[in-house]
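**Student:** Provided herewith is a single structure, encoded as structure tokens, for subsequent inquiry.
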Amino acid sequence: MKKKIMKLTKLTLFVLTIILLIYLTIKFFPFFKNLSTREGQLAFKDKIKDMGILSPLVIIGIMILQMLVAILPGEPVEILSGMCFGTIGGIIVILIGTFICSNIIFFAVRKFGNDFINTFFGENKMQKFKESKFLKDSKKVEEFLFVMFFIPGTSKDLFVYLGGLLNIKPLRFLMIATFARIPSIITSTFAGANLIEGNLKMTIITFILTLLISIIGIFIANKYHKKVNN
């Protein structure tokens with residue numbers, strides 16, 4: 001019965017995500033297609049400004065669905081946040097959304113356990129992490145999670161789900177899951193802010209540097225995981 005509820009929850013969230021993405025695509029497509037022009041950039045800013053308090057709530061809503069359903073990477077949402085609110089404002093909105101969603105996932109895992117995780121990721125994908133002996137050591141767990149969230153390119157959503165099963169205090173986990181990812185959030189929101197300002201060259205440079213850092217980061221993360229697991 002519990003598994004059926006979990007599957008129904010995932011299906012519902014998936015449908016909501018698709019509906020929201022279709023709605024946003026239809027609503028903002030006329031503005032996105034003209035972002036290469038200064039007029040289009042100003043029109044996009046005005047559209048976001050007209051939404052008032054709803055604009056950050058839309059971004060946070062997309063973030064929550066993205067992390068819960070885990071079908072989309074978080075970077076596009078971060079870039080969109082930078083386009084809407086600038087680098088600093090975008091960072092603040094993303095951090096708020098991350099904290100809210102990390103709370104939801106962490107305590108849902110604590111309540112429903114493996115059934116909740118397996119609904120979204122599958123049992124095989126999580127098994128190798130759950131079998132790691134070092135994850136039972138709270139100090140090593142915090143160090144490991146900080147590295148995974150800090151390095152760009154790692155599967156951060158996966159570790160948010162994993163956190164609910166680990167030997168770590170809720171507040172410490174939520175602080176790590178939220179604030180350790182700031183470097184990767186900065187690069188994405190900075191790229192979005194430059195994109196909306198028409199600084200295409202800076203946007204491309206940021207994307208290339210982020211890609212290189214992500215590749216190096218994933219390599220380091222894999223080496224680190226093998227080291228601490230041994």
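Chains: A, B, ... in order of the structure tokens. Residues: from 1 per chain. Ligands: from 1, in order shown.
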Please identify all polymer residues within 9 Å of stretch 101-110 of chain A, counting only C-alpha atoms, omitting same-chain residues fewer than 6 positions from it, and present them as a ChimeraX atom specification.

**Tutor:** /A:60,63-65,67-68,116-117,157,160-165,170,173-174,177-178

**Student:** What's the 6 Å shell around stretch 190-201 of chain A, counting only C-alpha atoms, without same-chain residues fewer than 2 positions away, as a ChimeraX atom specification?

**Tutor:** /A:41,79,82-83,86-87,186-188,203-204

**Student:** Please report as JSON lines every residue of stretch 152-189 of chain A lying within 12 Å of stretch 209-212 of chain A, along with the nearest atom pair and their distance in Å (one decimal), using only C-alpha atoms.

**Tutor:**
```
{"residue": "A:Pro152", "atom": "CA", "partner": "A:Thr210", "partner_atom": "CA", "distance": 7.5}
{"residue": "A:Gly153", "atom": "CA", "partner": "A:Leu211", "partner_atom": "CA", "distance": 8.0}
{"residue": "A:Thr154", "atom": "CA", "partner": "A:Leu211", "partner_atom": "CA", "distance": 11.7}
{"residue": "A:Pro183", "atom": "CA", "partner": "A:Thr210", "partner_atom": "CA", "distance": 10.1}
{"residue": "A:Ser184", "atom": "CA", "partner": "A:Thr210", "partner_atom": "CA", "distance": 8.0}
{"residue": "A:Ile185", "atom": "CA", "partner": "A:Thr210", "partner_atom": "CA", "distance": 10.6}
{"residue": "A:Ile186", "atom": "CA", "partner": "A:Thr210", "partner_atom": "CA", "distance": 10.3}
{"residue": "A:Thr187", "atom": "CA", "partner": "A:Thr210", "partner_atom": "CA", "distance": 6.9}
{"residue": "A:Ser188", "atom": "CA", "partner": "A:Thr210", "partner_atom": "CA", "distance": 8.3}
{"residue": "A:Thr189", "atom": "CA", "partner": "A:Thr210", "partner_atom": "CA", "distance": 11.8}
```

**Student:** Using N, CA and C atoms, can you write the selected residues to a file as a compact mmCIF listing (two decimals), in the first residue's frame?

**Tutor:**
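Produced file part05.txt, reproduced below:
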```txt
# COMPACT_ATOMS: atom_id res chain seq x y z
N PRO A 152 31.01 21.50 -7.98
CA PRO A 152 30.05 21.57 -9.09
C PRO A 152 30.06 20.27 -9.91
N GLY A 153 28.89 19.89 -10.39
CA GLY A 153 28.80 18.73 -11.27
C GLY A 153 28.38 17.45 -10.58
N THR A 154 28.37 17.41 -9.24
CA THR A 154 27.95 16.20 -8.54
C THR A 154 26.42 16.11 -8.48
N PRO A 183 28.97 27.86 -4.28
CA PRO A 183 29.84 28.10 -5.45
C PRO A 183 29.18 27.77 -6.78
N SER A 184 28.49 26.63 -6.85
CA SER A 184 27.84 26.26 -8.11
C SER A 184 26.64 27.15 -8.40
N ILE A 185 25.96 27.63 -7.34
CA ILE A 185 24.82 28.53 -7.52
C ILE A 185 25.31 29.87 -8.07
N ILE A 186 26.44 30.35 -7.55
CA ILE A 186 26.99 31.63 -7.99
C ILE A 186 27.27 31.62 -9.49
N THR A 187 27.92 30.56 -9.98
CA THR A 187 28.27 30.52 -11.40
C THR A 187 27.02 30.52 -12.28
N SER A 188 25.98 29.80 -11.86
CA SER A 188 24.76 29.71 -12.68
C SER A 188 23.98 31.02 -12.68
N THR A 189 23.81 31.62 -11.50
CA THR A 189 23.06 32.88 -11.43
C THR A 189 23.84 34.01 -12.09
```

**Student:** From the options A:Val147, A:Asp50, A:Ile216, A:Lys140, which residue's atoms come nearest to A:Leu166, counting only C-alpha atoms?

**Tutor:**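 The answer is A:Lys140, which sits nearest to A:Leu166.
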
**Student:** Please measure the separation of atom CA of A:Phe146 and atom CA of A:Leu171, giving the value in Å to one decimal.

**Tutor:**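 Interatomic distance here is 13.7 Å.
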
**Student:** Between atom CA of A:Gly74 and atom CA of A:Thr98, what distance in Å does the model show, to one decimal?

**Tutor:**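 The value is 10.1 Å.
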
**Student:** Please identify all polymer residues within 10 Å of A:Cys84, counting only C-alpha atoms, omitting same-chain residues fewer than 5 positions from it, and present them as a PyMOL selection string.

**Tutor:** chain A and resi 44-49+55-56+59+78-79+89-90+189+192-193+196

**Student:** In Å to one decimal, how far is atom CA of A:Ala43 from atom CA of A:Ile19?

**Tutor:**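 Computing it gives 24.2 Å between the two atoms.
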
**Student:** Of the candidates A:Ile215, A:Ile100, A:Ala180, A:Ile53, which one gets nearest to A:Phe150 if we count only C-alpha atoms?

**Tutor:**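 The answer is A:Ala180, which sits nearest to A:Phe150.
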